[in-house]
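start.cif (mmCIF, C-alpha atoms and all ligand atoms)
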```
data_protein
loop_
_atom_site.label_atom_id
_atom_site.label_comp_id
_atom_site.auth_asym_id
_atom_site.auth_seq_id
_atom_site.Cartn_x
_atom_site.Cartn_y
_atom_site.Cartn_z
CA VAL A 1 3.02 -35.30 -8.14
CA TRP A 2 0.14 -37.48 -9.34
CA GLN A 3 -1.12 -34.59 -11.40
CA GLU A 4 2.25 -34.30 -13.14
CA VAL A 5 2.26 -38.04 -13.89
CA VAL A 6 -1.24 -37.81 -15.31
CA MET A 7 -0.22 -34.82 -17.42
CA ARG A 8 2.76 -36.69 -18.87
CA VAL A 9 0.64 -39.74 -19.68
CA ALA A 10 -2.12 -37.58 -21.11
CA SER A 11 0.24 -35.60 -23.32
CA LYS A 12 1.55 -38.85 -24.81
CA TRP A 13 -2.03 -40.01 -25.35
CA ARG A 14 -2.91 -36.72 -26.96
CA ALA A 15 -0.17 -37.33 -29.51
CA ALA A 16 -1.33 -40.86 -30.27
CA PRO A 17 -4.73 -41.49 -31.85
CA CYS A 18 -7.18 -42.66 -29.20
CA SER A 19 -9.19 -45.72 -30.07
CA THR A 20 -12.90 -45.67 -29.33
CA VAL A 21 -12.29 -47.92 -26.34
CA PHE A 22 -9.94 -45.39 -24.77
CA MET A 23 -11.86 -42.26 -25.79
CA SER A 24 -13.75 -41.86 -22.54
CA LEU A 25 -10.60 -42.53 -20.48
CA CYS A 26 -8.73 -39.88 -22.50
CA ALA A 27 -11.53 -37.39 -21.88
CA VAL A 28 -11.39 -38.01 -18.12
CA LEU A 29 -7.62 -37.57 -18.03
CA LEU A 30 -7.71 -34.39 -20.12
CA ALA A 31 -10.40 -32.94 -17.87
CA LEU A 32 -8.18 -33.66 -14.87
CA CYS A 33 -5.25 -31.92 -16.53
CA ALA A 34 -7.36 -28.87 -17.36
CA ALA A 35 -8.41 -28.46 -13.68
CA PRO A 36 -6.76 -25.47 -11.99
CA ALA A 37 -3.55 -26.08 -10.08
CA TYR A 38 -5.28 -25.17 -6.82
CA ALA A 39 -8.20 -27.59 -7.30
CA GLN A 40 -6.56 -29.81 -4.71
CA VAL A 41 -7.04 -27.18 -2.00
CA SER A 42 -10.50 -25.92 -2.94
CA GLU A 43 -12.36 -28.19 -0.58
CA ASP A 44 -10.39 -26.88 2.36
CA PHE A 45 -11.00 -23.36 1.08
CA TYR A 46 -14.75 -23.84 1.35
CA SER A 47 -14.61 -25.12 4.90
CA PHE A 48 -12.32 -22.18 5.71
CA LEU A 49 -14.99 -19.86 4.27
CA THR A 50 -17.58 -21.36 6.59
CA ARG A 51 -15.30 -20.57 9.50
CA LEU A 52 -14.69 -17.07 8.15
CA GLY A 53 -18.46 -16.53 7.96
CA GLY A 54 -18.75 -17.60 11.60
CA MET A 55 -16.04 -15.14 12.64
CA ALA A 56 -17.77 -12.34 10.72
CA ARG A 57 -21.09 -13.17 12.41
CA ALA A 58 -19.40 -13.07 15.82
CA GLN A 59 -18.17 -9.57 14.98
CA GLY A 60 -21.64 -8.34 14.18
CA VAL A 61 -21.77 -8.71 10.38
CA SER A 62 -25.35 -9.32 9.25
CA GLN A 63 -26.42 -12.77 8.07
CA HIS A 64 -27.75 -11.10 4.93
CA THR A 65 -24.27 -9.89 3.92
CA ILE A 66 -22.60 -13.18 4.86
CA ASP A 67 -25.13 -15.12 2.74
CA ALA A 68 -24.73 -12.70 -0.15
CA VAL A 69 -20.93 -13.01 -0.24
CA ILE A 70 -19.58 -16.29 1.15
CA PRO A 71 -21.29 -18.68 -1.34
CA THR A 72 -19.98 -16.63 -4.29
CA LEU A 73 -16.30 -16.84 -3.38
CA VAL A 74 -13.86 -18.86 -5.43
CA PHE A 75 -10.20 -19.19 -4.50
CA GLN A 76 -8.02 -16.73 -6.44
CA SER A 77 -4.53 -18.10 -6.96
CA ARG A 78 -3.44 -14.90 -8.72
CA VAL A 79 -3.44 -12.80 -5.53
CA VAL A 80 -1.45 -15.46 -3.69
CA ASP A 81 1.11 -15.46 -6.52
CA LEU A 82 1.34 -11.66 -6.29
CA ASP A 83 1.74 -11.82 -2.51
CA ARG A 84 4.56 -14.36 -2.83
CA ALA A 85 6.29 -12.20 -5.44
CA GLN A 86 6.57 -9.28 -3.00
CA PRO A 87 10.01 -7.67 -2.84
CA GLY A 88 12.02 -8.19 0.30
CA GLY A 89 11.86 -11.95 0.06
CA ARG A 90 15.58 -12.19 -0.60
CA PRO A 91 17.57 -10.56 2.19
CA ASP A 92 20.65 -10.15 -0.03
CA ALA A 93 18.76 -8.48 -2.90
CA PRO A 94 20.60 -5.31 -3.96
CA ILE A 95 18.81 -2.01 -3.31
CA PRO A 96 18.16 -0.16 -6.58
CA LYS A 97 19.03 3.52 -7.07
CA PHE A 98 16.46 6.10 -6.01
CA ALA A 99 17.11 8.64 -8.79
CA PRO A 100 15.47 6.67 -11.66
CA TYR A 101 12.49 5.86 -9.43
CA ARG A 102 12.18 9.54 -8.53
CA TRP A 103 12.11 10.73 -12.14
CA ARG A 104 9.56 8.08 -13.02
CA HIS A 105 7.23 8.80 -10.10
CA VAL A 106 7.59 12.55 -9.74
CA ASP A 107 7.54 13.49 -13.40
CA ALA A 108 6.33 16.75 -14.98
CA GLN A 109 2.90 15.29 -15.70
CA ARG A 110 2.27 14.15 -12.14
CA ILE A 111 3.38 17.53 -10.81
CA ALA A 112 1.17 19.42 -13.30
CA ARG A 113 -1.87 17.30 -12.50
CA GLY A 114 -1.20 17.73 -8.77
CA ARG A 115 -1.05 21.52 -9.12
CA ASN A 116 -4.28 21.47 -11.10
CA LYS A 117 -6.09 19.38 -8.44
CA TYR A 118 -4.61 21.60 -5.73
CA GLN A 119 -6.14 24.70 -7.36
CA LEU A 120 -9.47 23.03 -8.07
CA LEU A 121 -9.94 21.71 -4.54
CA ARG A 122 -8.40 24.54 -2.55
CA GLY A 123 -11.62 25.54 -0.80
CA ASN A 124 -12.01 22.18 0.92
CA LEU A 125 -8.28 21.50 1.18
CA ALA A 126 -7.54 24.72 3.06
CA ARG A 127 -10.30 23.96 5.54
CA ILE A 128 -9.02 20.41 6.10
CA GLU A 129 -5.46 21.67 6.57
CA ASN A 130 -6.73 24.23 9.05
CA GLU A 131 -8.49 21.51 11.04
CA THR A 132 -5.76 18.88 10.96
CA GLY A 133 -2.46 20.66 10.36
CA VAL A 134 -1.74 18.27 7.47
CA PRO A 135 -0.61 20.37 4.48
CA GLU A 136 -2.85 20.46 1.44
CA SER A 137 0.09 19.45 -0.73
CA ILE A 138 0.78 16.31 1.34
CA MET A 139 -2.83 15.15 0.86
CA ILE A 140 -2.49 15.79 -2.88
CA ALA A 141 0.88 14.01 -3.07
CA ILE A 142 -0.41 10.88 -1.33
CA TRP A 143 -3.34 10.79 -3.71
CA GLY A 144 -1.00 11.30 -6.67
CA ASN A 145 1.38 8.56 -5.57
CA GLU A 146 -1.28 6.03 -4.59
CA THR A 147 -3.57 6.18 -7.61
CA ASN A 148 -2.20 8.90 -9.91
CA TYR A 149 -5.10 11.10 -8.77
CA GLY A 150 -7.64 8.36 -9.12
CA ALA A 151 -6.55 7.14 -12.57
CA PHE A 152 -5.88 3.63 -11.26
CA THR A 153 -7.49 2.34 -8.08
CA GLY A 154 -7.31 -1.41 -8.73
CA ASN A 155 -9.89 -3.87 -9.97
CA PHE A 156 -9.65 -6.89 -7.69
CA ASP A 157 -12.87 -7.85 -5.92
CA LEU A 158 -11.83 -7.22 -2.30
CA ALA A 159 -13.96 -9.97 -0.79
CA ARG A 160 -12.52 -12.63 -3.07
CA ALA A 161 -8.92 -11.42 -2.92
CA LEU A 162 -8.87 -11.02 0.86
CA ALA A 163 -10.58 -14.37 1.52
CA SER A 164 -8.00 -16.07 -0.73
CA LEU A 165 -5.07 -14.37 1.01
CA ALA A 166 -6.51 -15.17 4.44
CA TYR A 167 -6.88 -18.80 3.40
CA GLU A 168 -3.34 -19.04 2.07
CA GLY A 169 -2.22 -18.12 5.54
CA ARG A 170 1.07 -16.25 5.24
CA ARG A 171 -0.59 -13.24 6.89
CA ARG A 172 -3.85 -14.84 7.91
CA ASP A 173 -4.75 -12.53 10.81
CA LEU A 174 -4.24 -9.38 8.75
CA PHE A 175 -6.27 -10.57 5.77
CA THR A 176 -9.02 -12.12 7.93
CA THR A 177 -9.44 -8.76 9.66
CA GLU A 178 -9.60 -6.99 6.30
CA PHE A 179 -12.04 -9.51 4.86
CA ILE A 180 -14.42 -9.03 7.79
CA ALA A 181 -13.99 -5.25 7.53
CA THR A 182 -15.01 -5.53 3.86
CA LEU A 183 -18.25 -7.25 4.91
CA LYS A 184 -18.82 -4.50 7.49
CA LEU A 185 -18.51 -1.92 4.71
CA MET A 186 -21.19 -3.81 2.78
CA ASP A 187 -23.37 -3.74 5.89
CA ARG A 188 -23.01 0.04 5.75
CA GLY A 189 -24.51 0.01 2.29
CA ILE A 190 -21.36 0.20 0.18
CA PRO A 191 -22.00 -2.12 -2.78
CA ARG A 192 -19.62 -4.97 -3.52
CA GLU A 193 -19.07 -3.54 -7.00
CA THR A 194 -17.53 -0.45 -5.35
CA LEU A 195 -15.33 -2.54 -3.08
CA ARG A 196 -12.59 -3.17 -5.59
CA GLY A 197 -8.91 -2.40 -5.24
CA SER A 198 -5.38 -3.74 -5.23
CA TRP A 199 -4.70 -7.46 -4.89
CA ALA A 200 -3.84 -6.84 -1.21
CA GLY A 201 -7.06 -5.02 -0.37
CA ALA A 202 -6.19 -1.32 -0.75
CA THR A 203 -9.24 0.48 -2.09
CA GLY A 204 -10.49 3.84 -3.30
CA LEU A 205 -8.71 7.08 -4.15
CA PRO A 206 -6.45 6.97 -1.04
CA GLN A 207 -5.98 3.16 -1.23
CA PHE A 208 -7.18 2.54 2.31
CA LEU A 209 -7.55 -0.96 3.66
CA PRO A 210 -11.17 -1.64 4.64
CA SER A 211 -10.28 -1.50 8.37
CA GLN A 212 -8.62 1.89 7.80
CA TYR A 213 -11.82 3.15 6.22
CA LEU A 214 -13.77 2.04 9.30
CA LEU A 215 -11.30 3.71 11.66
CA LEU A 216 -10.20 6.78 9.76
CA GLY A 217 -12.59 7.49 6.89
CA LYS A 218 -13.75 11.11 7.06
CA ASP A 219 -16.43 13.16 5.40
CA GLY A 220 -14.69 16.00 3.58
CA ASP A 221 -17.57 17.78 1.85
CA GLY A 222 -20.09 17.73 4.67
CA ASP A 223 -22.79 15.57 3.07
CA GLY A 224 -22.63 13.09 5.95
CA ARG A 225 -21.25 10.24 3.84
CA VAL A 226 -17.67 9.01 3.54
CA ASP A 227 -17.15 8.13 -0.10
CA ILE A 228 -13.44 7.56 -0.66
CA TRP A 229 -14.15 5.98 -4.08
CA ASN A 230 -15.87 8.85 -5.87
CA ASN A 231 -15.59 11.96 -3.74
CA GLU A 232 -12.20 13.68 -3.86
CA SER A 233 -12.81 15.82 -0.77
CA ASP A 234 -13.77 12.75 1.26
CA ALA A 235 -10.64 10.94 0.06
CA LEU A 236 -8.37 13.87 0.95
CA ALA A 237 -10.01 14.45 4.35
CA SER A 238 -9.53 10.74 5.10
CA ILE A 239 -5.83 10.99 4.18
CA ALA A 240 -5.44 13.98 6.52
CA ASN A 241 -7.27 12.10 9.25
CA TYR A 242 -4.90 9.16 8.77
CA PHE A 243 -1.91 11.44 9.34
CA LEU A 244 -3.51 13.09 12.33
CA ALA A 245 -3.88 9.62 13.87
CA HIS A 246 -0.26 8.80 13.02
CA GLY A 247 1.34 11.73 14.79
CA TRP A 248 1.55 14.42 12.10
CA ARG A 249 2.86 17.66 13.63
CA ARG A 250 1.46 20.94 12.38
CA GLY A 251 3.96 23.38 10.88
CA LEU A 252 6.81 20.88 10.60
CA PRO A 253 8.18 20.09 7.12
CA TRP A 254 8.45 16.41 6.18
CA ALA A 255 12.17 17.04 5.47
CA VAL A 256 14.58 19.63 4.24
CA ALA A 257 16.92 18.89 1.38
CA ALA A 258 20.56 19.00 2.51
CA THR A 259 24.10 18.67 1.29
CA ALA A 260 26.53 16.31 2.94
CA PRO A 261 30.34 16.44 2.63
CA ALA A 262 31.70 14.14 -0.09
CA ASN A 263 33.53 12.02 2.46
CA PHE A 264 30.61 11.85 4.88
CA ASN A 265 30.10 8.40 6.34
CA PRO A 266 26.43 7.93 7.22
CA SER A 267 27.01 4.49 8.72
CA ALA A 268 28.77 6.22 11.63
CA TYR A 269 25.34 7.64 12.52
CA ALA A 270 23.29 4.51 11.96
CA SER A 271 19.97 4.25 13.73
CA ASN A 272 19.67 1.88 16.64
CA ASN A 273 15.96 1.19 16.30
CA ILE A 274 15.71 -2.53 16.78
CA GLY A 275 12.72 -4.73 16.21
CA GLN A 276 10.32 -2.19 14.80
CA PRO A 277 8.04 -2.87 11.88
CA CYS A 278 9.72 -2.59 8.48
CA GLN A 279 13.17 -2.65 10.02
CA LYS A 280 14.97 -2.74 6.67
CA VAL A 281 13.39 0.53 5.61
CA MET A 282 14.12 2.22 8.94
CA ASP A 283 17.72 0.99 8.82
CA ARG A 284 18.35 3.29 5.86
CA LEU A 285 17.57 6.32 8.04
CA SER A 286 20.24 7.61 10.39
CA ARG A 287 19.65 8.15 14.09
CA TYR A 288 17.80 11.31 15.13
CA MET A 289 19.96 14.35 15.94
CA PRO A 290 19.14 18.06 16.23
CA VAL A 291 19.63 20.05 13.04
CA HIS A 292 22.43 22.11 14.62
CA GLU A 293 24.40 18.91 15.32
CA TRP A 294 24.05 17.88 11.68
CA ARG A 295 25.27 21.32 10.70
CA ALA A 296 28.34 20.87 12.91
CA LEU A 297 29.08 17.66 10.97
CA GLY A 298 28.88 19.51 7.67
CA VAL A 299 25.37 18.36 6.72
CA VAL A 300 23.79 21.66 5.70
CA PRO A 301 20.08 22.27 5.03
CA LEU A 302 19.48 23.89 1.66
CA GLY A 303 17.39 27.06 1.67
CA GLY A 304 13.72 27.19 0.92
CA LYS A 305 12.06 25.64 3.92
CA TYR A 306 12.33 26.64 7.55
CA ILE A 307 13.34 24.09 10.12
CA ASN A 308 14.14 24.85 13.75
CA GLU A 309 17.81 24.25 14.64
CA ASN A 310 16.73 22.15 17.63
CA GLU A 311 14.38 19.96 15.60
CA MET A 312 15.33 16.29 15.62
CA ALA A 313 16.06 15.01 12.14
CA SER A 314 17.41 11.85 10.61
CA LEU A 315 19.48 11.76 7.47
CA ILE A 316 18.82 9.76 4.35
CA GLN A 317 21.07 9.83 1.31
CA PRO A 318 19.63 6.95 -0.70
CA ASP A 319 22.18 6.93 -3.54
CA GLY A 320 25.26 7.43 -1.39
CA PRO A 321 27.99 10.08 -1.12
CA GLY A 322 27.80 13.03 -3.49
CA THR A 323 24.07 12.56 -4.23
CA PRO A 324 20.95 14.34 -2.88
CA ALA A 325 20.34 14.01 0.85
CA TRP A 326 17.43 14.90 3.12
CA LEU A 327 17.13 15.64 6.81
CA THR A 328 13.80 14.01 7.60
CA THR A 329 11.51 14.80 10.52
CA SER A 330 8.97 12.76 12.45
CA ASN A 331 6.42 13.73 9.77
CA TYR A 332 8.45 11.69 7.30
CA ARG A 333 7.90 8.65 9.54
CA ALA A 334 4.17 9.39 9.39
CA ILE A 335 4.40 9.12 5.58
CA LEU A 336 6.24 5.80 5.98
CA SER A 337 3.40 4.56 8.17
CA TYR A 338 1.13 5.02 5.14
CA ASN A 339 3.41 2.88 3.02
CA CYS A 340 6.68 1.69 4.46
CA SER A 341 9.19 2.43 1.72
CA ASN A 342 11.79 5.19 1.62
CA PHE A 343 11.32 5.55 -2.13
CA TYR A 344 7.62 6.08 -1.53
CA GLY A 345 8.17 8.51 1.36
CA LEU A 346 10.69 10.59 -0.56
CA SER A 347 8.50 10.66 -3.68
CA VAL A 348 5.49 11.85 -1.68
CA GLY A 349 7.57 14.55 -0.01
CA ILE A 350 9.23 15.72 -3.23
CA LEU A 351 5.89 15.76 -5.07
CA SER A 352 4.27 17.76 -2.27
CA ASP A 353 7.07 20.35 -2.44
CA ALA A 354 6.71 20.58 -6.23
CA VAL A 355 2.92 20.98 -6.04
CA GLU A 356 3.28 23.83 -3.56
CA LYS A 357 5.68 25.85 -5.73
CA CA B 401 -18.87 13.15 1.83
#
```
Could you rewrite the structure in this file as structure tokens?
Amino acid sequence: VWQEVVMRVASKWRAAPCSTVFMSLCAVLLALCAAPAYAQVSEDFYSFLTRLGGMARAQGVSQHTIDAVIPTLVFQSRVVDLDRAQPGGRPDAPIPKFAPYRWRHVDAQRIARGRNKYQLLRGNLARIENETGVPESIMIAIWGNETNYGAFTGNFDLARALASLAYEGRRRDLFTTEFIATLKLMDRGIPRETLRGSWAGATGLPQFLPSQYLLLGKDGDGDGRVDIWNNESDALASIANYFLAHGWRRGLPWAVAATAPANFNPSAYASNNIGQPCQKVMDRLSRYMPVHEWRALGVVPLGGKYINENEMASLIQPDGPGTPAWLTTSNYRAILSYNCSNFYGLSVGILSDAVEK
């Protein structure tokens, strides 16, 4: 409030000619007005950083890394603004249509580039698929959806962004963990300049969080290093390893496209998963039923991909009756674990099918 008062007074003074007597006072007031909006909190930010450094030390981060990073950090209001602007804030916000999103995200160019990468990297991809059971085309489609095959991986300094988000506190535990993981990556010799990414800390070709790199990063080309920023095989092997850790089942399609009767009422088959993470996303999937039971209700898999009649599947028809529908398997849920959004999951699946053709 005081800042607003000062700004009002100062703007009036700016309009009026300042006498010599008031010149220095004007300068002080203008300097105050030019200070960033978060200047008020910066002192607390620095004591928070000291605490963060202590937590990192307790988790085994070297003093050398802590000293190299902590004193350089300045609060970044931009990432906090982006975090607060996240969708899902308004519970009554209408859900947009999937079709326009689909045509934007799985366009001819993204499919063509995916096929090209698929051909170029087949040697390593086939070996990784053989080891993990995660299809080559799913690895490619994640990569294509996350960063458009590495075209855009984000340019926020992870240390600064994550420290700022941790300080702001809405998801302090998450961002504190990721900040400390970032320092651990530096301890492993990954330079800070490499550790750039999205405002929320996703980094490299597969957009892993730093803790995910520590847990799931995988060497894909056999040189003993895990470089998810520059090495495509390492990035793809890490994606496959992520899915292996999140229950991917070999030989099972992510979904089969299906038709549903025009008068089909999906809400009669609503899921009853309560209290799981990203509930709103899961609520748009029906309950699990065997494929043959769906068939009996008139929901018919379209040809092209094999699915066992006893396989459990849940229906999603994002744009309602008369529009495309999919019977999704547990592998679809694995894709949602990567990024919990049905639009994302469907786009990855559709892109992977298109790349394979
Ligand atoms: Ca490697």
Box dimensions and centre (Å, one decimal) enclosing range 191-204 of chain A, axis-aligned, 8 Å extra per side, as JSON:
```
{"center_x": -12.9, "center_y": -1.8, "center_z": -3.7, "size_x": 34.2, "size_y": 27.3, "size_z": 22.6}
```
Inset, instruction - Extract, using only C-alpha atoms, all DNA, RNA and protein residues at most 10 Å from Gln59 in chain A, discarding same-chain residues fewer than 5 positions from it, and format them as a ChimeraX atom specification. - result: /A:53-54,180-181,184
Inset, instruction - Quick one: everything within 6 Å of Leu162 in chain A, counting only C-alpha atoms, minus sequence neighbours fewer than 4 positions away in the same chain. Send it as a ChimeraX atom specification. - result: /A:158,166,175,179
Inset, instruction - Check which residues fall inside 9 Å of ligand CA 401 (chain B) when counting all atoms listed in the file, and print them as number ranges by chain. - result: A: 218-228, 231-235
Inset, instruction - Kindly indicate which residue among A:Pro290, A:Gly189, A:Pro96, A:Pro266 lies nearest to Thr65 in chain A, using only C-alpha atoms for the distances. - result: A:Gly189
Legend entry - Separation of CA of Glu356 in chain A from CA of Met312 in chain A in Å: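 CA of Glu356 in chain A lies 23.9 Å from CA of Met312 in chain A.
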Legend entry - Spatial neighbours of range 293-295 of chain A, 10 Å, only C-alpha atoms, chain gap at least 3 places, as a list in words: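 Once the adjacent positions are removed, what remains is Ala258, Thr259, Ala260, Tyr288, Met289, Pro290, Gly298, Val299, Val300, Pro301, Glu309, Asn310, Met312, Ala313, Ser314, Leu315 and Leu327 of chain A.
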Inset, instruction - Work out how far CA of Thr328 in chain A is from CA of Gly114 in chain A, in Å to one decimal. - result: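 Atom-to-atom, CA of Gly114 in chain A to CA of Thr328 in chain A, that is 22.5 Å.
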Inset, instruction - Show which residues sit within 7 Å of Trp326 in chain A, as a list in words. Count only C-alpha atoms, and ignore same-chain residues fewer than 5 positions away. - result: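 Near Trp326 in chain A, the qualifying residues are Ala255, Val256, Ala257, Ala258, Leu315, Ile316 and Gln317 of chain A.
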Legend entry - Distance criterion (all atoms listed in the file): nearest to Asn339 in chain A out of A:Asp157, A:Asp319, A:Glu146, A:Glu136: A:Glu146
Which residues of range 85-159 of chain A sit at most 9 Å from range 237-253 of chain A, using all atoms listed in the file? Give each one's shortest atom pair and distance in Å (one decimal place), in chain and ascending residue order, as JSON lines.
```
{"residue": "A:Asn124", "atom": "CA", "partner": "A:Ala237", "partner_atom": "CA", "distance": 8.7}
{"residue": "A:Leu125", "atom": "CA", "partner": "A:Ala237", "partner_atom": "CA", "distance": 7.9}
{"residue": "A:Ile128", "atom": "CA", "partner": "A:Ala237", "partner_atom": "CA", "distance": 6.3}
{"residue": "A:Glu129", "atom": "CA", "partner": "A:Ala240", "partner_atom": "CA", "distance": 7.7}
{"residue": "A:Thr132", "atom": "CA", "partner": "A:Leu244", "partner_atom": "CA", "distance": 6.4}
{"residue": "A:Gly133", "atom": "CA", "partner": "A:Arg250", "partner_atom": "CA", "distance": 4.4}
{"residue": "A:Val134", "atom": "CA", "partner": "A:Ala240", "partner_atom": "CA", "distance": 5.7}
{"residue": "A:Pro135", "atom": "CA", "partner": "A:Arg250", "partner_atom": "CA", "distance": 8.2}
{"residue": "A:Glu136", "atom": "CA", "partner": "A:Ala240", "partner_atom": "CA", "distance": 8.6}
{"residue": "A:Ile138", "atom": "CA", "partner": "A:Ala240", "partner_atom": "CA", "distance": 8.4}
{"residue": "A:Met139", "atom": "CA", "partner": "A:Ile239", "partner_atom": "CA", "distance": 6.1}
{"residue": "A:Ile142", "atom": "CA", "partner": "A:Ile239", "partner_atom": "CA", "distance": 7.7}
{"residue": "A:Trp143", "atom": "CA", "partner": "A:Ile239", "partner_atom": "CA", "distance": 8.3}
```
Legend entry - Nearest to Asp353 in chain A, chosen from A:Ser211, A:Ile140, A:Cys340, A:Val281, with all atoms listed in the file counted in the distances: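 For Asp353 in chain A, the nearest of the given residues is A:Ile140.
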